[in-house]
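A quick write-up on the structure given underneath.
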Amino acid sequence: MSSQRTIKSPFSVNGKGLHTGLDITLTFNPAPENHGLKIKRIDLPNEPIIDALADYVNGTTRGTVLIKDTTEISTIEHALAALYALGIDNCLLEVNAPEFPILNGSSLFFVQEIEKVGITEQTAEKDYFYVKNKMEYIDENTGSSIVLLPDTKFSIDVHISYASQILSNQYASLNDLSEFKKEIADCRTFVFIREIEALLKQNLIKGGDLKNAIVIYDEILPQEEFNRIAELTNHSTMDANQLGYLSGELKFNNEPARHKLLDVIGDLALIGKPIMGKVIATKPGHKTNTTFAKQIRKEIKKQEIQAPLYTPETESVLDINGIKKLLPHRWPFLLIDKIISISKDKVVGVKNVTANETFFQGHFPEEPVMPGVLIIEAMAQTGGILALKNVEDPEKWSTYFMKIEEAKFRGKVIPGDTLVFRLDLIEPIRRGLVHMKATAFVGEKIVTEADLLAQIVKNK
């Protein structure tokens with residue numbers, strides 16, 4: 001299992017704001033476990049903080065904008081892409097302006113500075129969003145879409161298409177986040193020269209120039225008109241009959257598509273968890289990206305605790321014989337079949353429910369339903385594995401119930417079901433007391449949950 005990560009020490013980057021043109025300082029700070037990514041506006045009274053979550057997206061014109069109450073922050077996607085790609089779960093970003101600095105229009109400087117200070121592995125387990133079924137968002141008006149498919153790692157494919165003789169159809173892919181620095185991080189944002197005047201009228205791109213964006217000239221303008229737009233953006237005048245990239249050579253033939261891929265990563269970072277799945281984005285933009293991120297956030301909220309990833313092929317870390325070495329229970333009261341994962345603060349166990357269970361003889365002969373009390377017992381046995389894994393000579397100890405609270409039964413468990421139990425420590429084990437949040441799933445559905453308190457007691 002992967003651990004959460006933060007940066008080893010603070011660092012700052014300084015630069016111009018793309019839209020405001022302000023001189024901006026952005027400081028990255030280490031943060032504790034389960035803190036997440038948060039942004040603090042240190043230039044405002046009381047220094048308000050916004051969680052970097054899709055819930056707060058309130059604008060997507062030439063960048064992603066978060067607004068909470070009256071606090072606003074924009075152009076965050078390049079920094080978030082760098083944090084996501086390097087596996088940083090916890091970080092506090094302090095900024096003295098309403099946007100992040102644009103730097104060279106990519107993520108490269110952020111990546112380089114994070115690598116300079118280093119990354120700290122934390123104790124808490126990383127909380128992934130496991131994609132178990134196809135998810136999709138389509139914007140019927142623009143033809144933009146994002147598809148998310150189950151996979152054993154994160155990867156992404158991006159297809160872009162423009163009605164342009166300079167930039168038409170391009171494709172980019174990232175098969176592993178370890179390739180982000182080399183293949184994606186230095187790819188710059190881009191703009192068509194025909195869009196510039198409209199953006200300036202919207203009070204945007206005041207800080208834009210050839211150093212922080214690829215400027216694409218793909219429709220011939222009269223020389224006078226071309227010179228006027230160039231002057232508006234502090235560009236030197238050029239021959240208006242020469243189409244192409246005004247910023248000079250591209251870093252990759254498909255640099256625009258690679259930058260769009262970078263943007264997708266930065267925007268999907270707003271779901272608040274790393275994704276275990278494959279992303280396929282067609283004609284993506286910040287609106288599509290963040291709308292899809294909001295859709296994922298809704299799924300996360302529907303099921304605050306996600307069902308563990310389990311298939312019949314999932315390997316055991318403890319089979320039934322391993323379980324018997326830790327637990328004293330035997331037939332007919334040993335109610336777990338295997339353990340599929342275990343860490344210091346979480347364990348996942350499995351129970352295959354069959355028609356041969358003895359309790360079905362009386363509960364109920366004509367409509368077999370697993371008693372709720374036995375589901376609680378099975379969860380407690382799974383939690384007992386977690387507790388005993390934290391002591392020396394576990395065969396010399398047993399766990400005993402002390403309290404069951406907040407027990408809820410949300411669905412029937414019947415023959416043929418596979419129960420998957422997830423037990424999470426609510427607080428560290430102290431003085432032999434084990435306080436756990438217990439959840440039982442059948443498929444993606446929670447069927448039972450409870451808070452359990454047990455005590456580890458040495459056998460006589």
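Naming scheme: A, B, ... for chains in displayed order of the structure tokens; residues 1 onward per chain; ligands 1 onward as shown.
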Residues at most 9 Å from A:Gly432, counting only C-alpha atoms, excluding those fewer than 3 positions away in the same chain, as a ChimeraX atom specification?
/A:387,429,454-457
Residue contacts of A:Ala355 (12 Å, only C-alpha atoms) excluding same-chain residues fewer than 5 positions away, as a PDB file with N, CA and C atoms, in the first residue's frame:
ATOM      1  N   PHE A 360     -28.443 -20.455   8.539  1.00  0.00           N
ATOM      2  CA  PHE A 360     -29.574 -20.361   7.625  1.00  0.00           C
ATOM      3  C   PHE A 360     -30.644 -21.410   7.921  1.00  0.00           C
ATOM      4  N   GLN A 361     -30.301 -22.420   8.726  1.00  0.00           N
ATOM      5  CA  GLN A 361     -31.307 -23.437   9.078  1.00  0.00           C
ATOM      6  C   GLN A 361     -32.462 -22.831   9.863  1.00  0.00           C
ATOM      7  N   HIS A 363     -32.650 -19.112  10.176  1.00  0.00           N
ATOM      8  CA  HIS A 363     -32.723 -17.651   9.925  1.00  0.00           C
ATOM      9  C   HIS A 363     -32.627 -17.366   8.432  1.00  0.00           C
ATOM     10  N   PHE A 364     -33.583 -17.544   7.644  1.00  0.00           N
ATOM     11  CA  PHE A 364     -34.858 -18.199   7.916  1.00  0.00           C
ATOM     12  C   PHE A 364     -34.967 -19.317   6.906  1.00  0.00           C
ATOM     13  N   PRO A 365     -35.541 -20.454   7.213  1.00  0.00           N
ATOM     14  CA  PRO A 365     -35.522 -21.606   6.304  1.00  0.00           C
ATOM     15  C   PRO A 365     -36.067 -21.291   4.901  1.00  0.00           C
ATOM     16  N   GLU A 366     -37.117 -20.488   4.832  1.00  0.00           N
ATOM     17  CA  GLU A 366     -37.739 -20.199   3.533  1.00  0.00           C
ATOM     18  C   GLU A 366     -37.196 -18.918   2.886  1.00  0.00           C
ATOM     19  N   GLU A 367     -36.525 -18.121   3.667  1.00  0.00           N
ATOM     20  CA  GLU A 367     -35.945 -16.880   3.126  1.00  0.00           C
ATOM     21  C   GLU A 367     -34.631 -16.600   3.852  1.00  0.00           C
ATOM     22  N   PRO A 368     -33.550 -17.298   3.455  1.00  0.00           N
ATOM     23  CA  PRO A 368     -32.284 -17.205   4.194  1.00  0.00           C
ATOM     24  C   PRO A 368     -31.688 -15.792   4.167  1.00  0.00           C
ATOM     25  N   VAL A 369     -31.447 -15.250   5.358  1.00  0.00           N
ATOM     26  CA  VAL A 369     -30.846 -13.928   5.525  1.00  0.00           C
ATOM     27  C   VAL A 369     -29.788 -14.044   6.617  1.00  0.00           C
ATOM     28  N   MET A 370     -28.595 -13.560   6.363  1.00  0.00           N
ATOM     29  CA  MET A 370     -27.533 -13.602   7.373  1.00  0.00           C
ATOM     30  C   MET A 370     -27.874 -12.655   8.514  1.00  0.00           C
ATOM     31  N   VAL A 413     -28.087  -9.623   3.460  1.00  0.00           N
ATOM     32  CA  VAL A 413     -26.996 -10.460   2.967  1.00  0.00           C
ATOM     33  C   VAL A 413     -27.546 -11.870   2.843  1.00  0.00           C
ATOM     34  N   ILE A 414     -27.429 -12.445   1.652  1.00  0.00           N
ATOM     35  CA  ILE A 414     -28.073 -13.724   1.368  1.00  0.00           C
ATOM     36  C   ILE A 414     -27.051 -14.681   0.749  1.00  0.00           C
ATOM     37  N   PRO A 415     -27.408 -15.987   0.654  1.00  0.00           N
ATOM     38  CA  PRO A 415     -26.491 -16.945   0.026  1.00  0.00           C
ATOM     39  C   PRO A 415     -26.079 -16.488  -1.371  1.00  0.00           C
ATOM     40  N   GLY A 416     -24.791 -16.645  -1.673  1.00  0.00           N
ATOM     41  CA  GLY A 416     -24.252 -16.207  -2.946  1.00  0.00           C
ATOM     42  C   GLY A 416     -23.553 -14.865  -2.877  1.00  0.00           C
ATOM     43  N   ASP A 417     -23.805 -14.090  -1.807  1.00  0.00           N
ATOM     44  CA  ASP A 417     -23.141 -12.793  -1.648  1.00  0.00           C
ATOM     45  C   ASP A 417     -21.695 -12.977  -1.183  1.00  0.00           C
TER      46      ASP A 417
END
Once you count only C-alpha atoms, what closest atom pair and distance in Å to one decimal does each residue of stretch 78-194 of chain A within 9 Å of stretch 275-299 of chain A have, with rows by chain and rising residue number, as JSON lines?
{"residue": "A:Tyr128", "atom": "CA", "partner": "A:Ile275", "partner_atom": "CA", "distance": 5.8}
{"residue": "A:Phe129", "atom": "CA", "partner": "A:Ile275", "partner_atom": "CA", "distance": 4.9}
{"residue": "A:Tyr130", "atom": "CA", "partner": "A:Met276", "partner_atom": "CA", "distance": 4.9}
{"residue": "A:Val131", "atom": "CA", "partner": "A:Gly277", "partner_atom": "CA", "distance": 5.4}
{"residue": "A:Lys132", "atom": "CA", "partner": "A:Gly277", "partner_atom": "CA", "distance": 8.4}
{"residue": "A:Met135", "atom": "CA", "partner": "A:Ile296", "partner_atom": "CA", "distance": 8.5}
{"residue": "A:Glu136", "atom": "CA", "partner": "A:Phe292", "partner_atom": "CA", "distance": 7.7}
{"residue": "A:Tyr137", "atom": "CA", "partner": "A:Phe292", "partner_atom": "CA", "distance": 6.0}
{"residue": "A:Ile138", "atom": "CA", "partner": "A:Thr288", "partner_atom": "CA", "distance": 7.9}
{"residue": "A:Asp139", "atom": "CA", "partner": "A:Thr288", "partner_atom": "CA", "distance": 7.1}
{"residue": "A:Thr142", "atom": "CA", "partner": "A:Lys283", "partner_atom": "CA", "distance": 8.3}
{"residue": "A:Gly143", "atom": "CA", "partner": "A:Lys283", "partner_atom": "CA", "distance": 7.1}
{"residue": "A:Ser144", "atom": "CA", "partner": "A:Lys283", "partner_atom": "CA", "distance": 4.8}
{"residue": "A:Ser145", "atom": "CA", "partner": "A:Thr282", "partner_atom": "CA", "distance": 5.2}
{"residue": "A:Ile146", "atom": "CA", "partner": "A:Ala281", "partner_atom": "CA", "distance": 4.4}
{"residue": "A:Val147", "atom": "CA", "partner": "A:Ile280", "partner_atom": "CA", "distance": 5.1}
{"residue": "A:Leu148", "atom": "CA", "partner": "A:Val279", "partner_atom": "CA", "distance": 4.7}
{"residue": "A:Leu149", "atom": "CA", "partner": "A:Lys278", "partner_atom": "CA", "distance": 5.1}
{"residue": "A:Pro150", "atom": "CA", "partner": "A:Gly277", "partner_atom": "CA", "distance": 4.8}
{"residue": "A:Asp151", "atom": "CA", "partner": "A:Gly277", "partner_atom": "CA", "distance": 4.3}
{"residue": "A:Thr152", "atom": "CA", "partner": "A:Met276", "partner_atom": "CA", "distance": 6.1}
{"residue": "A:Lys153", "atom": "CA", "partner": "A:Met276", "partner_atom": "CA", "distance": 5.0}
{"residue": "A:Phe154", "atom": "CA", "partner": "A:Gly277", "partner_atom": "CA", "distance": 4.9}
{"residue": "A:Ser155", "atom": "CA", "partner": "A:Lys278", "partner_atom": "CA", "distance": 4.9}
{"residue": "A:Ile156", "atom": "CA", "partner": "A:Val279", "partner_atom": "CA", "distance": 4.5}
{"residue": "A:Asp157", "atom": "CA", "partner": "A:Ile280", "partner_atom": "CA", "distance": 4.8}
{"residue": "A:Val158", "atom": "CA", "partner": "A:Ala281", "partner_atom": "CA", "distance": 4.8}
{"residue": "A:His159", "atom": "CA", "partner": "A:Thr282", "partner_atom": "CA", "distance": 4.7}
{"residue": "A:Ile160", "atom": "CA", "partner": "A:Lys283", "partner_atom": "CA", "distance": 4.5}
{"residue": "A:Ser161", "atom": "CA", "partner": "A:Lys283", "partner_atom": "CA", "distance": 6.1}
{"residue": "A:Tyr162", "atom": "CA", "partner": "A:Lys283", "partner_atom": "CA", "distance": 8.6}
Please, which residues of stretch 225-297 of chain A, numbered as in this document, come out alpha helix (DSSP H) from DSSP, as a VMD selection string?
chain A and resid 225 to 232 255 to 268 286 to 297
N, CA and C atoms of the current selection, written as a JSON list (two decimals), in the first residue's frame:
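The new file part.json reads:
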[["chain", "number", "residue", "atom", "x", "y", "z"],
["A", 225, "GLU", "N", -3.71, 45.61, -38.70],
["A", 225, "GLU", "CA", -4.45, 44.94, -37.61],
["A", 225, "GLU", "C", -3.52, 44.05, -36.81],
["A", 226, "PHE", "N", -2.65, 43.34, -37.51],
["A", 226, "PHE", "CA", -1.68, 42.47, -36.83],
["A", 226, "PHE", "C", -0.79, 43.29, -35.91],
["A", 227, "ASN", "N", -0.29, 44.43, -36.38],
["A", 227, "ASN", "CA", 0.59, 45.28, -35.57],
["A", 227, "ASN", "C", -0.14, 45.80, -34.34],
["A", 228, "ARG", "N", -1.42, 46.15, -34.52],
["A", 228, "ARG", "CA", -2.19, 46.68, -33.38],
["A", 228, "ARG", "C", -2.34, 45.63, -32.28],
["A", 229, "ILE", "N", -2.66, 44.39, -32.66],
["A", 229, "ILE", "CA", -2.80, 43.32, -31.66],
["A", 229, "ILE", "C", -1.46, 43.01, -31.01],
["A", 230, "ALA", "N", -0.40, 43.02, -31.83],
["A", 230, "ALA", "CA", 0.94, 42.78, -31.28],
["A", 230, "ALA", "C", 1.30, 43.83, -30.25],
["A", 231, "GLU", "N", 0.93, 45.07, -30.52],
["A", 231, "GLU", "CA", 1.23, 46.16, -29.58],
["A", 231, "GLU", "C", 0.45, 45.99, -28.28],
["A", 232, "LEU", "N", -0.78, 45.53, -28.39],
["A", 232, "LEU", "CA", -1.60, 45.32, -27.19],
["A", 232, "LEU", "C", -0.96, 44.32, -26.23],
["A", 255, "GLU", "N", 3.17, 19.69, -28.75],
["A", 255, "GLU", "CA", 3.20, 20.39, -27.45],
["A", 255, "GLU", "C", 1.81, 20.89, -27.02],
["A", 256, "PRO", "N", 0.98, 21.45, -27.90],
["A", 256, "PRO", "CA", -0.36, 21.86, -27.45],
["A", 256, "PRO", "C", -1.18, 20.71, -26.87],
["A", 257, "ALA", "N", -1.15, 19.55, -27.52],
["A", 257, "ALA", "CA", -1.90, 18.40, -26.99],
["A", 257, "ALA", "C", -1.33, 17.97, -25.64],
["A", 258, "ARG", "N", -0.01, 18.00, -25.51],
["A", 258, "ARG", "CA", 0.61, 17.63, -24.23],
["A", 258, "ARG", "C", 0.22, 18.63, -23.13],
["A", 259, "HIS", "N", 0.11, 19.91, -23.50],
["A", 259, "HIS", "CA", -0.31, 20.87, -22.48],
["A", 259, "HIS", "C", -1.76, 20.63, -22.07],
["A", 260, "LYS", "N", -2.61, 20.29, -23.01],
["A", 260, "LYS", "CA", -4.00, 19.98, -22.66],
["A", 260, "LYS", "C", -4.05, 18.78, -21.72],
["A", 261, "LEU", "N", -3.16, 17.81, -21.93],
["A", 261, "LEU", "CA", -3.07, 16.67, -21.03],
["A", 261, "LEU", "C", -2.67, 17.14, -19.63],
["A", 262, "LEU", "N", -1.71, 18.05, -19.56],
["A", 262, "LEU", "CA", -1.29, 18.64, -18.28],
["A", 262, "LEU", "C", -2.48, 19.29, -17.58],
["A", 263, "ASP", "N", -3.27, 20.05, -18.34],
["A", 263, "ASP", "CA", -4.44, 20.72, -17.76],
["A", 263, "ASP", "C", -5.45, 19.71, -17.21],
["A", 264, "VAL", "N", -5.67, 18.62, -17.94],
["A", 264, "VAL", "CA", -6.62, 17.60, -17.47],
["A", 264, "VAL", "C", -6.16, 17.05, -16.12],
["A", 265, "ILE", "N", -4.87, 16.76, -15.99],
["A", 265, "ILE", "CA", -4.35, 16.25, -14.73],
["A", 265, "ILE", "C", -4.57, 17.27, -13.61],
["A", 266, "GLY", "N", -4.23, 18.54, -13.88],
["A", 266, "GLY", "CA", -4.40, 19.57, -12.85],
["A", 266, "GLY", "C", -5.84, 19.74, -12.43],
["A", 267, "ASP", "N", -6.76, 19.68, -13.38],
["A", 267, "ASP", "CA", -8.18, 19.84, -13.04],
["A", 267, "ASP", "C", -8.74, 18.61, -12.32],
["A", 268, "LEU", "N", -8.33, 17.41, -12.74],
["A", 268, "LEU", "CA", -8.83, 16.20, -12.07],
["A", 268, "LEU", "C", -8.23, 16.04, -10.68],
["A", 286, "HIS", "N", -11.09, 23.41, -19.62],
["A", 286, "HIS", "CA", -11.27, 23.50, -18.17],
["A", 286, "HIS", "C", -12.73, 23.28, -17.76],
["A", 287, "LYS", "N", -13.67, 23.74, -18.57],
["A", 287, "LYS", "CA", -15.08, 23.54, -18.22],
["A", 287, "LYS", "C", -15.42, 22.05, -18.19],
["A", 288, "THR", "N", -15.03, 21.33, -19.24],
["A", 288, "THR", "CA", -15.30, 19.88, -19.28],
["A", 288, "THR", "C", -14.56, 19.15, -18.17],
["A", 289, "ASN", "N", -13.29, 19.49, -18.00],
["A", 289, "ASN", "CA", -12.48, 18.82, -16.97],
["A", 289, "ASN", "C", -13.09, 18.97, -15.58],
["A", 290, "THR", "N", -13.43, 20.20, -15.23],
["A", 290, "THR", "CA", -13.92, 20.45, -13.86],
["A", 290, "THR", "C", -15.35, 19.99, -13.66],
["A", 291, "THR", "N", -16.16, 20.01, -14.72],
["A", 291, "THR", "CA", -17.52, 19.46, -14.61],
["A", 291, "THR", "C", -17.44, 17.96, -14.32],
["A", 292, "PHE", "N", -16.51, 17.29, -15.00],
["A", 292, "PHE", "CA", -16.33, 15.86, -14.75],
["A", 292, "PHE", "C", -15.77, 15.62, -13.35],
["A", 293, "ALA", "N", -14.85, 16.49, -12.91],
["A", 293, "ALA", "CA", -14.32, 16.36, -11.54],
["A", 293, "ALA", "C", -15.44, 16.51, -10.51],
["A", 294, "LYS", "N", -16.38, 17.42, -10.76],
["A", 294, "LYS", "CA", -17.53, 17.58, -9.86],
["A", 294, "LYS", "C", -18.38, 16.31, -9.85],
["A", 295, "GLN", "N", -18.53, 15.69, -11.03],
["A", 295, "GLN", "CA", -19.30, 14.45, -11.13],
["A", 295, "GLN", "C", -18.65, 13.36, -10.29],
["A", 296, "ILE", "N", -17.34, 13.26, -10.35],
["A", 296, "ILE", "CA", -16.63, 12.27, -9.53],
["A", 296, "ILE", "C", -16.78, 12.59, -8.05],
["A", 297, "ARG", "N", -16.70, 13.87, -7.70],
["A", 297, "ARG", "CA", -16.86, 14.27, -6.30],
["A", 297, "ARG", "C", -18.22, 13.85, -5.76]]
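Residues lying within 12 Å of stretch 389-394 of chain A, counting only C-alpha atoms and ignoring same-chain neighbours fewer than 6 positions away, are Leu318, Gly322, Ile323, Lys324, Lys325, Leu326, Leu327, Pro328, Ile342, Ser343, Lys344, Asp345, Lys346, Val347, Thr382, Gly383, Leu425, Pro428, Ile429, Arg430, Arg431, Gly432, Leu433, Val434, Ile456, Val457, Lys458 and Asn459 of chain A.
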Stretch 178-192 of chain A environment, 7 Å, only C-alpha atoms, sequence neighbours closer than 6 positions dropped, as a PyMOL selection string
chain A and resi 85+104-108+212-217+255-256+258-259+262
I need the chosen residues saved as a compact mmCIF listing (two decimals), in the first residue's frame, with C-alpha atoms.
# COMPACT_ATOMS: atom_id res chain seq x y z
CA ALA A 85 2.11 13.91 -10.80
CA ASN A 104 6.67 29.83 -18.37
CA GLY A 105 3.08 28.62 -18.87
CA SER A 106 3.84 25.03 -17.82
CA SER A 107 4.40 22.91 -14.69
CA LEU A 108 8.15 22.50 -15.04
CA ASN A 212 4.72 32.16 -21.01
CA ALA A 213 2.50 31.01 -23.88
CA ILE A 214 2.58 29.58 -27.38
CA VAL A 215 0.92 32.17 -29.64
CA ILE A 216 -0.60 30.68 -32.79
CA TYR A 217 -1.12 32.83 -35.88
CA GLU A 255 3.20 20.39 -27.45
CA PRO A 256 -0.36 21.86 -27.45
CA ARG A 258 0.61 17.63 -24.23
CA HIS A 259 -0.31 20.87 -22.48
CA LEU A 262 -1.29 18.64 -18.28
Distance of atom CA of A:Ser12 from atom CA of A:Thr123, expressed in Å to one decimal place
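Taking atom CA of A:Thr123 as the start and atom CA of A:Ser12 as the end point, the length is 25.8 Å.
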Distance atom CA of A:Gly15-atom CA of A:Ile102, one decimal place?
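Interatomic distance, atom CA of A:Gly15 to atom CA of A:Ile102: 6.7 Å.
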Please run DSSP on the backbone and report, as a PyMOL selection string, all residues within stretch 138-349 of chain A that come out as strand (DSSP E or B).
chain A and resi 138-139+144-150+155-161+169-174+190-192+214-217+244-245+275-282+318+338-342+346-349
Please dump the current selection as a CSV table (one decimal), in the first residue's frame; keep N, CA and C atoms.
chain,number,residue,atom,x,y,z
A,138,ILE,N,-20.0,14.1,-21.4
A,138,ILE,CA,-20.0,14.6,-22.8
A,138,ILE,C,-20.7,16.0,-22.8
A,139,ASP,N,-20.0,17.0,-23.4
A,139,ASP,CA,-20.6,18.3,-23.6
A,139,ASP,C,-21.2,18.2,-25.1
A,144,SER,N,-16.8,18.0,-26.6
A,144,SER,CA,-15.8,17.7,-25.6
A,144,SER,C,-16.3,16.6,-24.7
A,145,SER,N,-15.4,15.6,-24.4
A,145,SER,CA,-15.8,14.5,-23.5
A,145,SER,C,-14.6,14.0,-22.7
A,146,ILE,N,-14.9,13.4,-21.6
A,146,ILE,CA,-13.9,12.6,-20.8
A,146,ILE,C,-14.5,11.3,-20.4
A,147,VAL,N,-13.7,10.2,-20.6
A,147,VAL,CA,-14.1,8.9,-20.2
A,147,VAL,C,-13.1,8.4,-19.2
A,148,LEU,N,-13.6,7.8,-18.2
A,148,LEU,CA,-12.7,7.2,-17.1
A,148,LEU,C,-13.0,5.7,-17.0
A,149,LEU,N,-12.0,4.9,-17.2
A,149,LEU,CA,-12.1,3.4,-17.3
A,149,LEU,C,-11.3,2.8,-16.1
A,150,PRO,N,-11.8,1.6,-15.7
A,150,PRO,CA,-11.0,0.9,-14.6
A,150,PRO,C,-9.6,0.5,-15.2
A,155,SER,N,-3.4,6.5,-16.1
A,155,SER,CA,-2.8,6.9,-17.4
A,155,SER,C,-3.8,7.7,-18.1
A,156,ILE,N,-3.4,8.4,-19.1
A,156,ILE,CA,-4.3,9.4,-19.8
A,156,ILE,C,-3.9,9.5,-21.2
A,157,ASP,N,-5.0,9.6,-22.1
A,157,ASP,CA,-4.8,9.9,-23.5
A,157,ASP,C,-5.7,11.1,-23.8
A,158,VAL,N,-5.1,12.0,-24.6
A,158,VAL,CA,-5.8,13.3,-25.0
A,158,VAL,C,-5.8,13.5,-26.5
A,159,HIS,N,-7.0,13.8,-27.0
A,159,HIS,CA,-7.1,14.1,-28.4
A,159,HIS,C,-7.7,15.6,-28.5
A,160,ILE,N,-7.0,16.4,-29.3
A,160,ILE,CA,-7.5,17.8,-29.5
A,160,ILE,C,-7.8,18.0,-31.0
A,161,SER,N,-8.7,19.0,-31.3
A,161,SER,CA,-9.0,19.3,-32.6
A,161,SER,C,-9.5,20.7,-32.7
A,169,ASN,N,-5.5,18.6,-35.7
A,169,ASN,CA,-5.7,17.4,-34.8
A,169,ASN,C,-4.4,16.9,-34.2
A,170,GLN,N,-4.4,16.7,-32.9
A,170,GLN,CA,-3.2,16.2,-32.2
A,170,GLN,C,-3.6,15.2,-31.2
A,171,TYR,N,-2.6,14.4,-30.8
A,171,TYR,CA,-2.8,13.4,-29.8
A,171,TYR,C,-1.6,13.3,-28.8
A,172,ALA,N,-1.9,13.1,-27.6
A,172,ALA,CA,-0.8,12.9,-26.6
A,172,ALA,C,-1.2,11.9,-25.6
A,173,SER,N,-0.3,11.2,-25.0
A,173,SER,CA,-0.6,10.2,-24.0
A,173,SER,C,0.5,10.2,-22.9
A,174,LEU,N,0.1,9.7,-21.7
A,174,LEU,CA,1.0,9.6,-20.6
A,174,LEU,C,0.6,8.2,-20.0
A,190,PHE,N,-1.3,27.7,-24.6
A,190,PHE,CA,-1.3,28.3,-25.9
A,190,PHE,C,-2.5,29.1,-26.2
A,191,VAL,N,-2.4,30.0,-27.1
A,191,VAL,CA,-3.6,30.9,-27.5
A,191,VAL,C,-3.5,31.3,-28.9
A,192,PHE,N,-4.6,31.4,-29.6
A,192,PHE,CA,-4.6,31.9,-31.0
A,192,PHE,C,-4.7,33.4,-31.0
A,214,ILE,N,2.4,29.8,-25.9
A,214,ILE,CA,2.6,29.6,-27.4
A,214,ILE,C,1.5,30.4,-28.1
A,215,VAL,N,1.9,31.3,-28.9
A,215,VAL,CA,0.9,32.2,-29.6
A,215,VAL,C,0.8,31.7,-31.1
A,216,ILE,N,-0.4,31.3,-31.5
A,216,ILE,CA,-0.6,30.7,-32.8
A,216,ILE,C,-1.2,31.7,-33.7
A,217,TYR,N,-0.6,31.9,-34.8
A,217,TYR,CA,-1.1,32.8,-35.9
A,217,TYR,C,-1.5,32.0,-37.1
A,244,GLY,N,2.0,30.8,-38.5
A,244,GLY,CA,2.8,29.8,-37.7
A,244,GLY,C,2.8,30.1,-36.2
A,245,TYR,N,3.8,29.6,-35.5
A,245,TYR,CA,3.9,29.8,-34.1
A,245,TYR,C,4.8,31.0,-33.8
A,275,ILE,N,-6.3,9.1,-8.7
A,275,ILE,CA,-7.2,8.2,-9.5
A,275,ILE,C,-6.4,6.9,-9.9
A,276,MET,N,-7.1,5.8,-9.7
A,276,MET,CA,-6.6,4.5,-10.2
A,276,MET,C,-7.5,4.2,-11.4
A,277,GLY,N,-7.1,4.6,-12.6
A,277,GLY,CA,-7.9,4.4,-13.7
A,277,GLY,C,-7.3,5.0,-14.9
A,278,LYS,N,-7.9,4.8,-16.1
A,278,LYS,CA,-7.5,5.4,-17.4
A,278,LYS,C,-8.4,6.5,-17.8
A,279,VAL,N,-7.8,7.6,-18.2
A,279,VAL,CA,-8.6,8.8,-18.6
A,279,VAL,C,-8.4,8.9,-20.1
A,280,ILE,N,-9.5,9.1,-20.8
A,280,ILE,CA,-9.5,9.4,-22.3
A,280,ILE,C,-10.3,10.7,-22.5
A,281,ALA,N,-9.6,11.7,-22.9
A,281,ALA,CA,-10.2,13.0,-23.0
A,281,ALA,C,-10.1,13.5,-24.5
A,282,THR,N,-11.3,13.9,-25.0
A,282,THR,CA,-11.4,14.4,-26.4
A,282,THR,C,-11.8,15.8,-26.4
A,318,LEU,N,-3.5,-13.1,4.0
A,318,LEU,CA,-3.7,-14.2,5.0
A,318,LEU,C,-4.8,-15.1,4.5
A,338,LYS,N,-10.6,-14.9,4.3
A,338,LYS,CA,-9.3,-14.4,3.9
A,338,LYS,C,-9.1,-13.0,4.2
A,339,ILE,N,-7.9,-12.5,4.3
A,339,ILE,CA,-7.6,-11.1,4.5
A,339,ILE,C,-6.8,-10.7,3.2
A,340,ILE,N,-7.3,-9.7,2.5
A,340,ILE,CA,-6.7,-9.3,1.2
A,340,ILE,C,-5.8,-8.1,1.3
A,341,SER,N,-5.8,-7.3,2.4
A,341,SER,CA,-4.9,-6.3,2.6
A,341,SER,C,-4.8,-5.9,4.1
A,342,ILE,N,-3.7,-5.4,4.5
A,342,ILE,CA,-3.6,-5.0,5.9
A,342,ILE,C,-2.4,-4.0,6.0
A,346,LYS,N,-5.4,-0.1,8.8
A,346,LYS,CA,-6.6,-0.6,8.0
A,346,LYS,C,-6.4,-2.1,7.7
A,347,VAL,N,-7.6,-2.8,7.6
A,347,VAL,CA,-7.5,-4.2,7.2
A,347,VAL,C,-8.8,-4.4,6.4
A,348,VAL,N,-8.6,-5.3,5.4
A,348,VAL,CA,-9.8,-5.7,4.5
A,348,VAL,C,-9.9,-7.2,4.5
A,349,GLY,N,-11.1,-7.7,4.9
A,349,GLY,CA,-11.3,-9.1,4.9
A,349,GLY,C,-12.5,-9.5,4.0
Using only C-alpha atoms, which residues sit within 10 Å of stretch 30-46 of chain A once same-chain residues fewer than 6 positions away are excluded, as a ChimeraX atom specification?
/A:3-11,52-53,66,71-73,76,80,83-84,88-99,119-127,269-270,272-273
Atomic distance atom CA of A:Gly384 - atom CA of A:Glu449, expressed in Å with one decimal
16.1 Å
For stretch 305-311 of chain A, please output as number ranges by chain all residues within 7 Å (counting only C-alpha atoms; exclusion window: fewer than 3 positions along the same chain).
A: 314, 441, 444
Give the answer as one residue: which of A:Thr448, A:Gln223, A:Asn133, A:Asn321 has the shortest atom-to-atom distance to A:Ala378, using only C-alpha atoms?
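Closest candidate: A:Thr448.
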What lies within 9 Å of A:Ile67 using only C-alpha atoms, ignoring chain neighbours under 5 positions off, as an MDAnalysis selection string?
chainID A and resid 50 56:59 72:74
